[in-house]
>>> print(open('protein_28.txt').read())   # compact mmCIF, C-alpha atoms and all ligand atoms
# COMPACT_ATOMS: atom_id res chain seq x y z
CA MET A 15 -27.47 -28.77 -125.72
CA GLY A 16 -24.18 -30.51 -126.41
CA THR A 17 -23.48 -34.14 -125.77
CA VAL A 18 -23.92 -35.91 -122.45
CA LEU A 19 -20.90 -37.77 -121.07
CA PRO A 20 -21.68 -41.35 -119.97
CA VAL A 21 -19.96 -41.96 -116.61
CA GLY A 22 -19.30 -45.12 -114.61
CA VAL A 23 -18.47 -44.79 -110.90
CA LEU A 24 -16.45 -47.45 -109.06
CA VAL A 25 -16.94 -47.62 -105.30
CA SER A 26 -16.15 -49.77 -102.27
CA GLY A 27 -17.81 -48.14 -99.29
CA ARG A 28 -19.69 -45.18 -97.92
CA GLY A 29 -20.23 -43.45 -101.26
CA SER A 30 -20.37 -39.82 -100.14
CA ASN A 31 -18.44 -38.71 -103.23
CA LEU A 32 -20.81 -40.73 -105.39
CA GLN A 33 -23.65 -38.87 -103.67
CA ALA A 34 -22.04 -35.50 -104.44
CA ILE A 35 -21.65 -36.47 -108.09
CA ILE A 36 -25.23 -37.74 -108.32
CA GLU A 37 -26.57 -34.51 -106.81
CA ALA A 38 -24.53 -32.32 -109.15
CA VAL A 39 -25.76 -34.30 -112.16
CA GLU A 40 -29.36 -34.17 -110.91
CA GLU A 41 -29.11 -30.41 -110.43
CA GLY A 42 -28.22 -30.16 -114.10
CA ASN A 43 -24.77 -28.71 -113.41
CA ILE A 44 -22.89 -31.36 -115.34
CA PRO A 45 -23.61 -32.57 -118.88
CA ALA A 46 -23.09 -36.16 -117.75
CA GLU A 47 -25.15 -39.21 -116.95
CA ILE A 48 -24.16 -41.92 -114.46
CA ARG A 49 -24.76 -45.10 -116.43
CA VAL A 50 -23.59 -47.56 -113.77
CA VAL A 51 -22.12 -47.83 -110.28
CA ILE A 52 -19.93 -50.87 -109.64
CA SER A 53 -18.75 -52.04 -106.22
CA ASN A 54 -16.28 -54.75 -105.24
CA ASN A 55 -18.00 -54.84 -101.85
CA PRO A 56 -21.58 -56.16 -101.73
CA ASP A 57 -22.21 -54.27 -98.46
CA ALA A 58 -21.14 -50.83 -99.72
CA ARG A 59 -23.53 -48.07 -98.70
CA ALA A 60 -22.79 -46.54 -102.08
CA LEU A 61 -24.94 -49.24 -103.69
CA GLU A 62 -28.00 -48.11 -101.72
CA ARG A 63 -27.37 -44.53 -102.79
CA ALA A 64 -27.26 -45.57 -106.47
CA GLU A 65 -30.44 -47.60 -106.13
CA ARG A 66 -32.24 -44.71 -104.46
CA TYR A 67 -31.67 -42.65 -107.60
CA GLY A 68 -32.50 -45.48 -109.98
CA ILE A 69 -28.92 -45.80 -111.18
CA PRO A 70 -27.97 -49.35 -112.24
CA ALA A 71 -25.69 -50.80 -109.57
CA GLU A 72 -23.61 -53.93 -109.94
CA VAL A 73 -21.38 -55.90 -107.61
CA VAL A 74 -18.26 -57.63 -108.83
CA SER A 75 -17.24 -59.15 -105.54
CA ASP A 76 -13.61 -59.64 -104.50
CA LYS A 77 -14.86 -62.89 -103.03
CA GLU A 78 -15.21 -64.37 -106.50
CA PHE A 79 -11.42 -64.79 -106.31
CA LEU A 80 -10.89 -63.81 -109.91
CA SER A 81 -7.33 -62.97 -110.94
CA LYS A 82 -6.68 -59.22 -111.14
CA VAL A 83 -6.77 -59.40 -114.92
CA GLU A 84 -10.02 -61.39 -114.98
CA TYR A 85 -11.57 -59.08 -112.41
CA ASP A 86 -10.75 -55.98 -114.40
CA LYS A 87 -11.93 -57.64 -117.61
CA ARG A 88 -15.28 -58.13 -115.89
CA LEU A 89 -15.36 -54.42 -115.01
CA VAL A 90 -14.43 -53.38 -118.54
CA ASP A 91 -17.18 -55.60 -119.99
CA ILE A 92 -19.81 -53.97 -117.78
CA LEU A 93 -18.55 -50.44 -118.42
CA LYS A 94 -18.41 -50.98 -122.19
CA ASP A 95 -21.82 -52.60 -122.17
CA LYS A 96 -23.17 -49.44 -120.52
CA GLY A 97 -21.39 -47.21 -123.02
CA VAL A 98 -19.25 -45.57 -120.32
CA GLU A 99 -16.68 -43.04 -121.55
CA LEU A 100 -15.43 -41.68 -118.22
CA VAL A 101 -14.60 -43.88 -115.22
CA ALA A 102 -14.65 -42.11 -111.84
CA LEU A 103 -13.08 -43.93 -108.89
CA ALA A 104 -14.82 -42.84 -105.70
CA GLY A 105 -13.28 -44.68 -102.79
CA PHE A 106 -12.61 -47.78 -104.91
CA MET A 107 -10.16 -49.85 -102.89
CA ARG A 108 -8.48 -51.82 -105.66
CA ILE A 109 -5.52 -51.05 -107.89
CA LEU A 110 -6.46 -51.20 -111.57
CA THR A 111 -4.50 -53.35 -114.01
CA ARG A 112 -2.56 -51.93 -116.93
CA ASP A 113 -5.13 -53.51 -119.27
CA PHE A 114 -7.98 -51.63 -117.62
CA ILE A 115 -6.09 -48.34 -117.70
CA SER A 116 -5.16 -48.66 -121.37
CA THR A 117 -8.80 -49.35 -122.25
CA PHE A 118 -9.79 -45.83 -121.06
CA PRO A 119 -6.83 -43.60 -121.93
CA GLN A 120 -7.07 -40.35 -119.91
CA ARG A 121 -10.60 -41.29 -119.13
CA ILE A 122 -10.16 -42.58 -115.57
CA ILE A 123 -10.13 -40.16 -112.65
CA ASN A 124 -9.71 -40.53 -108.90
CA ILE A 125 -10.22 -38.42 -105.79
CA HIS A 126 -7.53 -38.60 -103.13
CA PRO A 127 -7.66 -36.99 -99.66
CA SER A 128 -4.29 -35.23 -99.67
CA LEU A 129 -2.48 -32.57 -101.65
CA LEU A 130 -0.58 -34.87 -104.00
CA PRO A 131 2.27 -35.60 -104.45
CA ALA A 132 2.30 -35.43 -100.64
CA PHE A 133 0.90 -38.51 -98.94
CA PRO A 134 -0.10 -40.97 -101.66
CA GLY A 135 -1.57 -44.30 -100.55
CA LEU A 136 -3.80 -45.06 -97.57
CA ASN A 137 -4.65 -43.43 -94.20
CA VAL A 138 -3.30 -40.16 -95.48
CA GLN A 139 -5.23 -37.81 -93.19
CA LYS A 140 -3.53 -39.49 -90.20
CA LYS A 141 -0.17 -39.31 -91.98
CA ALA A 142 -0.65 -35.59 -92.66
CA ILE A 143 -1.33 -34.89 -88.97
CA GLU A 144 1.59 -37.02 -87.81
CA TYR A 145 3.93 -35.33 -90.27
CA GLY A 146 2.89 -31.94 -88.95
CA VAL A 147 1.84 -30.25 -92.18
CA LYS A 148 -0.15 -27.03 -91.70
CA PHE A 149 -2.25 -27.55 -94.81
CA SER A 150 -3.65 -30.63 -96.42
CA GLY A 151 -6.55 -31.09 -98.81
CA CYS A 152 -7.67 -33.21 -101.70
CA THR A 153 -6.76 -33.89 -105.30
CA VAL A 154 -8.69 -35.06 -108.34
CA HIS A 155 -6.28 -36.61 -110.81
CA PHE A 156 -6.16 -38.78 -113.89
CA VAL A 157 -5.25 -42.35 -113.13
CA ASP A 158 -2.05 -43.74 -114.58
CA GLU A 159 -0.18 -46.91 -113.68
CA GLY A 160 1.33 -45.52 -110.49
CA ILE A 161 -0.32 -45.11 -107.09
CA ASP A 162 -1.92 -41.64 -107.03
CA THR A 163 0.59 -40.31 -109.55
CA GLY A 164 -1.43 -39.20 -112.59
CA PRO A 165 -1.81 -35.61 -113.88
CA ILE A 166 -3.60 -33.33 -111.39
CA ILE A 167 -6.95 -31.87 -112.46
CA ILE A 168 -8.05 -29.90 -109.38
CA GLN A 169 -6.86 -29.52 -105.80
CA ALA A 170 -8.37 -27.85 -102.75
CA ALA A 171 -6.43 -26.98 -99.60
CA VAL A 172 -7.65 -26.93 -96.01
CA PRO A 173 -5.80 -25.89 -92.85
CA VAL A 174 -4.67 -28.50 -90.34
CA HIS A 175 -5.48 -27.31 -86.83
CA ASP A 176 -3.42 -28.09 -83.72
CA ASP A 177 -6.25 -30.03 -82.15
CA ASP A 178 -7.26 -31.94 -85.28
CA THR A 179 -7.87 -35.66 -85.09
CA GLU A 180 -7.94 -37.96 -88.08
CA GLU A 181 -11.74 -37.64 -87.97
CA THR A 182 -11.95 -33.85 -87.84
CA LEU A 183 -9.37 -33.38 -90.58
CA SER A 184 -11.04 -36.06 -92.73
CA GLU A 185 -14.38 -34.27 -92.42
CA ARG A 186 -12.89 -30.91 -93.40
CA ILE A 187 -11.20 -32.49 -96.41
CA LEU A 188 -14.30 -34.45 -97.37
CA ARG A 189 -16.37 -31.27 -97.68
CA GLU A 190 -13.87 -30.07 -100.29
CA GLU A 191 -13.86 -33.47 -102.02
CA HIS A 192 -17.61 -33.15 -102.53
CA ARG A 193 -17.07 -29.74 -104.12
CA ILE A 194 -14.16 -30.47 -106.45
CA TYR A 195 -15.02 -33.96 -107.69
CA PRO A 196 -18.20 -32.84 -109.47
CA GLN A 197 -16.28 -29.79 -110.77
CA ALA A 198 -13.63 -32.04 -112.32
CA ILE A 199 -16.28 -34.15 -114.01
CA GLN A 200 -17.92 -31.00 -115.29
CA LEU A 201 -14.62 -29.79 -116.80
CA ILE A 202 -14.15 -33.13 -118.57
CA ALA A 203 -17.78 -33.33 -119.72
CA GLU A 204 -17.51 -29.81 -121.14
CA GLU A 205 -14.21 -30.75 -122.83
CA ARG A 206 -12.43 -27.94 -121.07
CA LEU A 207 -9.23 -29.79 -120.17
CA GLU A 208 -6.03 -30.13 -122.12
CA VAL A 209 -3.37 -32.52 -120.85
CA VAL A 210 0.19 -31.57 -121.74
CA GLY A 211 2.62 -34.04 -120.21
CA ARG A 212 1.95 -33.90 -116.47
CA ARG A 213 0.10 -30.59 -116.69
CA VAL A 214 -3.63 -30.19 -117.07
CA ASN A 215 -4.65 -26.82 -118.51
CA TYR A 216 -8.12 -25.30 -118.37
CA LEU A 217 -9.55 -24.16 -121.69
CA GLY A 218 -12.05 -21.41 -122.36
CA ARG A 219 -14.04 -19.39 -119.83
C1 LIG B 1 -12.57 -40.41 -99.80
O1 LIG B 1 -11.88 -39.84 -98.73
C2 LIG B 1 -11.72 -40.40 -101.04
O2 LIG B 1 -10.87 -39.29 -101.10
C3 LIG B 1 -10.91 -41.66 -100.89
O3 LIG B 1 -11.79 -42.59 -100.34
C4 LIG B 1 -12.80 -41.91 -99.59
C5 LIG B 1 -14.12 -42.34 -100.15
O4 LIG B 1 -15.21 -41.83 -99.40
N1 LIG B 1 -10.36 -42.07 -102.16
P1 LIG B 1 -16.68 -41.99 -99.96
O5 LIG B 1 -16.91 -43.50 -100.15
O6 LIG B 1 -16.79 -41.25 -101.24
O7 LIG B 1 -17.58 -41.44 -98.89
>>> encode(input="protein_28.txt", output="structure tokens")
Amino acid sequence: MGTVLPVGVLVSGRGSNLQAIIEAVEEGNIPAEIRVVISNNPDARALERAERYGIPAEVVSDKEFLSKVEYDKRLVDILKDKGVELVALAGFMRILTRDFISTFPQRIINIHPSLLPAFPGLNVQKKAIEYGVKFSGCTVHFVDEGIDTGPIIIQAAVPVHDDDTEETLSERILREEHRIYPQAIQLIAEERLEVVGRRVNYLGR
């Protein structure tokens, strides 16, 4: 047995990606341990999912009206206190400050429901349909100071059908999100990634 990577997951809502990560860890597929789940939204379903598995869950509410810097400092304090070495954003609806990002260099990852660099930002499944692309998908990437711009770890593509709605396309993409997000965490936990500039290379096997 090698080492176990301590992970913190930041959420805001439904938490289906959190669920996929929890299940993959529980199944023993990933040498990682979720030390804490933090939500900015006290009503996030993700919090219930964490509690169901006995994972410490904390709320740092937006309603506390902290400055962005103070807010992120609060997050960093909790994550450090829990010994977190990898931060996974899973539907976390806040932009992180430079201070936060520099505290975890190349140790923050995000899942985004498009094939980046196409369609960064919000409501991207709708944007993909309106644009008329024939394929979309999802991307796990390292977080840098831009919006959805960091080095790409894994992507999965899905077709866009003529009769797709935002809902049907989102569902098809989400199934792939649940597959590749745990895979990305596994690659990091097994130290099988090498970042060279913008490129992320897979090592070994
Ligand atoms: C996912 O579509 C993810 O790609 C995006 O936010 C959504 C979160 O969904 N960043 P969930 O909370 O994981 O169910």
>>> closest_residue(input="protein_28.txt", among="A:Thr111, A:Gln120, A:Thr17, A:Thr153", to="ligand LIG 1 (chain B)", atoms="all atoms listed in the file")
A:Thr153
>>> residues_around(input="protein_28.txt", residues="Leu93 of chain A", least_positions_apart="2", cutoff="9 Å", atoms="all atoms listed in the file", output="list in words")
Val21, Gly22, Arg49, Val50, Ile52, Arg88, Leu89, Val90, Asp91, Asp95, Lys96, Gly97, Val98, Glu99 and Val101 of chain A
>>> closest_atom_pairs(input="protein_28.txt", of="chain A", to="ligand LIG 1 (chain B)", cutoff="9 Å", atoms="only C-alpha atoms and all ligand atoms", output="tab-separated table")
residue	atom	partner	partner_atom	distance
A:Val25	CA	B:LIG1	O5	6.6
A:Ser26	CA	B:LIG1	O5	6.7
A:Gly27	CA	B:LIG1	O5	4.8
A:Arg28	CA	B:LIG1	O5	3.9
A:Gly29	CA	B:LIG1	O5	3.5
A:Ser30	CA	B:LIG1	O7	3.5
A:Asn31	CA	B:LIG1	O6	3.6
A:Leu32	CA	B:LIG1	O6	5.8
A:Gln33	CA	B:LIG1	O6	7.7
A:Ala34	CA	B:LIG1	O6	8.4
A:Ala58	CA	B:LIG1	O5	8.5
A:Arg59	CA	B:LIG1	O5	8.2
A:Ala60	CA	B:LIG1	O5	6.9
A:Leu103	CA	B:LIG1	N1	7.5
A:Ala104	CA	B:LIG1	O6	5.1
A:Gly105	CA	B:LIG1	O3	3.5
A:Phe106	CA	B:LIG1	N1	6.7
A:Met107	CA	B:LIG1	N1	7.8
A:Asn124	CA	B:LIG1	N1	6.9
A:Ile125	CA	B:LIG1	O2	4.8
A:His126	CA	B:LIG1	O2	4.0
A:Pro127	CA	B:LIG1	O2	4.2
A:Ser128	CA	B:LIG1	O2	7.9
A:Leu136	CA	B:LIG1	N1	8.5
A:Gln139	CA	B:LIG1	O1	8.9
A:Cys152	CA	B:LIG1	O2	6.9
A:Thr153	CA	B:LIG1	O2	8.0
A:Val154	CA	B:LIG1	O2	8.7
A:Ser184	CA	B:LIG1	O1	7.1
A:Glu185	CA	B:LIG1	O1	8.8
A:Ile187	CA	B:LIG1	O1	7.7
A:Leu188	CA	B:LIG1	O1	6.1
A:Glu191	CA	B:LIG1	O2	6.6
A:His192	CA	B:LIG1	O6	8.2
>>> closest_atom_pairs(input="protein_28.txt", of="segment 43-87 of chain A", to="segment 193-208 of chain A", cutoff="12 Å", atoms="only C-alpha atoms", output="CSV")
residue,atom,partner,partner_atom,distance
A:Asn43,CA,A:Gln200,CA,7.5
A:Ile44,CA,A:Gln200,CA,5.0
A:Pro45,CA,A:Ala203,CA,5.9
A:Ala46,CA,A:Ala203,CA,6.3
A:Glu47,CA,A:Ala203,CA,9.8
A:Ile48,CA,A:Ile199,CA,11.1
>>> write_last_selection(input="protein_28.txt", atoms="C-alpha atoms", output="PDB file, in the frame of the given file")
ATOM      1  CA  ASN A  43     -24.770 -28.710-113.410  1.00  0.00           C
ATOM      2  CA  ILE A  44     -22.890 -31.360-115.340  1.00  0.00           C
ATOM      3  CA  PRO A  45     -23.610 -32.570-118.880  1.00  0.00           C
ATOM      4  CA  ALA A  46     -23.090 -36.160-117.750  1.00  0.00           C
ATOM      5  CA  GLU A  47     -25.150 -39.210-116.950  1.00  0.00           C
ATOM      6  CA  ILE A  48     -24.160 -41.920-114.460  1.00  0.00           C
TER       7      ILE A  48
END
>>> atom_distance(input="protein_28.txt", atom1="atom CA of Arg108 of chain A", atom2="atom CA of Val73 of chain A")
13.7 Å
>>> atom_distance(input="protein_28.txt", atom1="atom CA of Ile168 of chain A", atom2="atom CA of Phe149 of chain A")
15.9 Å
>>> closest_residue(input="protein_28.txt", among="A:Val51, A:Asp176, A:Lys94, A:Lys82", to="Tyr67 of chain A", atoms="all atoms listed in the file")
A:Val51
>>> residues_around(input="protein_28.txt", residues="Gly146 of chain A", least_positions_apart="4", cutoff="9 Å", atoms="all atoms listed in the file", output="ChimeraX atom specification")
/A:141-142,174
>>> residues_near_point(input="protein_28.txt", point="(-6.5, -37.5, -115.2)", cutoff="8 Å", atoms="all atoms listed in the file", output="list in words")
Gln120, Arg121, Ile122, Ile123, Asn124, Val154, His155, Phe156, Val157, Asp158, Gly164, Pro165, Ile166 and Ile167 of chain A
>>> residues_near_point(input="protein_28.txt", point="(-5.4, -48.0, -114.7)", cutoff="9 Å", atoms="only C-alpha atoms", output="JSON, numbers by chain")
{"A": [109, 110, 111, 112, 113, 114, 115, 116, 117, 118, 119, 122, 157, 158, 159, 160]}
>>> atom_distance(input="protein_28.txt", atom1="atom CA of Glu62 of chain A", atom2="atom CA of Leu19 of chain A")
23.1 Å
>>> residues_around(input="protein_28.txt", residues="Pro173 of chain A", least_positions_apart="4", cutoff="8 Å", atoms="only C-alpha atoms", output="list in words")
Lys148, Phe149, Ser150 and Gly151 of chain A
>>> closest_residue(input="protein_28.txt", among="A:Val209, A:Val83, A:Ile35, A:Leu24", to="Asn55 of chain A", atoms="only C-alpha atoms")
A:Leu24
>>> decode(input="protein_28.txt", residues="segment 62-84 of chain A", atoms="N, CA and C atoms", output="mmCIF file, in the first residue's frame")
data_model
loop_
_atom_site.group_PDB
_atom_site.id
_atom_site.type_symbol
_atom_site.label_atom_id
_atom_site.label_comp_id
_atom_site.auth_asym_id
_atom_site.auth_seq_id
_atom_site.Cartn_x
_atom_site.Cartn_y
_atom_site.Cartn_z
ATOM 1 N N GLU A 62 -25.957 16.488 2.506
ATOM 2 C CA GLU A 62 -26.620 15.260 2.992
ATOM 3 C C GLU A 62 -25.854 14.030 2.533
ATOM 4 N N ARG A 63 -25.372 14.084 1.291
ATOM 5 C CA ARG A 63 -24.635 12.918 0.775
ATOM 6 C C ARG A 63 -23.389 12.682 1.619
ATOM 7 N N ALA A 64 -22.658 13.766 1.950
ATOM 8 C CA ALA A 64 -21.440 13.627 2.760
ATOM 9 C C ALA A 64 -21.800 13.018 4.108
ATOM 10 N N GLU A 65 -22.852 13.563 4.719
ATOM 11 C CA GLU A 65 -23.217 13.098 6.060
ATOM 12 C C GLU A 65 -23.584 11.620 6.051
ATOM 13 N N ARG A 66 -24.272 11.204 4.980
ATOM 14 C CA ARG A 66 -24.675 9.797 4.873
ATOM 15 C C ARG A 66 -23.473 8.855 4.919
ATOM 16 N N TYR A 67 -22.349 9.342 4.432
ATOM 17 C CA TYR A 67 -21.143 8.490 4.425
ATOM 18 C C TYR A 67 -20.200 8.824 5.578
ATOM 19 N N GLY A 68 -20.676 9.641 6.506
ATOM 20 C CA GLY A 68 -19.846 9.982 7.661
ATOM 21 C C GLY A 68 -18.646 10.855 7.328
ATOM 22 N N ILE A 69 -18.769 11.612 6.240
ATOM 23 C CA ILE A 69 -17.674 12.512 5.860
ATOM 24 C C ILE A 69 -17.951 13.881 6.489
ATOM 25 N N PRO A 70 -16.960 14.462 7.189
ATOM 26 C CA PRO A 70 -17.194 15.777 7.799
ATOM 27 C C PRO A 70 -17.645 16.792 6.747
ATOM 28 N N ALA A 71 -18.720 17.492 7.045
ATOM 29 C CA ALA A 71 -19.258 18.474 6.103
ATOM 30 C C ALA A 71 -19.362 19.816 6.810
ATOM 31 N N GLU A 72 -18.922 20.854 6.130
ATOM 32 C CA GLU A 72 -18.958 22.183 6.733
ATOM 33 C C GLU A 72 -19.601 23.162 5.768
ATOM 34 N N VAL A 73 -20.265 24.161 6.334
ATOM 35 C CA VAL A 73 -20.840 25.225 5.515
ATOM 36 C C VAL A 73 -20.082 26.508 5.821
ATOM 37 N N VAL A 74 -19.603 27.151 4.765
ATOM 38 C CA VAL A 74 -19.116 28.528 4.912
ATOM 39 C C VAL A 74 -20.042 29.333 4.026
ATOM 40 N N SER A 75 -21.053 29.900 4.644
ATOM 41 C CA SER A 75 -22.161 30.478 3.880
ATOM 42 C C SER A 75 -21.755 31.782 3.211
ATOM 43 N N ASP A 76 -22.259 31.969 1.976
ATOM 44 C CA ASP A 76 -22.080 33.258 1.290
ATOM 45 C C ASP A 76 -22.735 34.363 2.107
ATOM 46 N N LYS A 77 -23.744 33.964 2.871
ATOM 47 C CA LYS A 77 -24.554 34.965 3.580
ATOM 48 C C LYS A 77 -23.798 35.606 4.737
ATOM 49 N N GLU A 78 -22.605 35.051 5.027
ATOM 50 C CA GLU A 78 -21.800 35.704 6.069
ATOM 51 C C GLU A 78 -21.183 37.008 5.569
ATOM 52 N N PHE A 79 -21.361 37.265 4.270
ATOM 53 C CA PHE A 79 -20.870 38.503 3.654
ATOM 54 C C PHE A 79 -19.404 38.804 3.968
ATOM 55 N N LEU A 80 -18.603 37.767 3.941
ATOM 56 C CA LEU A 80 -17.165 37.967 4.074
ATOM 57 C C LEU A 80 -16.646 38.522 2.746
ATOM 58 N N SER A 81 -15.527 39.225 2.782
ATOM 59 C CA SER A 81 -14.893 39.615 1.511
ATOM 60 C C SER A 81 -14.412 38.324 0.842
ATOM 61 N N LYS A 82 -14.130 38.410 -0.457
ATOM 62 C CA LYS A 82 -13.663 37.204 -1.162
ATOM 63 C C LYS A 82 -12.406 36.642 -0.511
ATOM 64 N N VAL A 83 -11.516 37.556 -0.127
ATOM 65 C CA VAL A 83 -10.251 37.124 0.469
ATOM 66 C C VAL A 83 -10.501 36.459 1.826
ATOM 67 N N GLU A 84 -11.375 37.074 2.629
ATOM 68 C CA GLU A 84 -11.677 36.497 3.952
ATOM 69 C C GLU A 84 -12.371 35.140 3.804
#
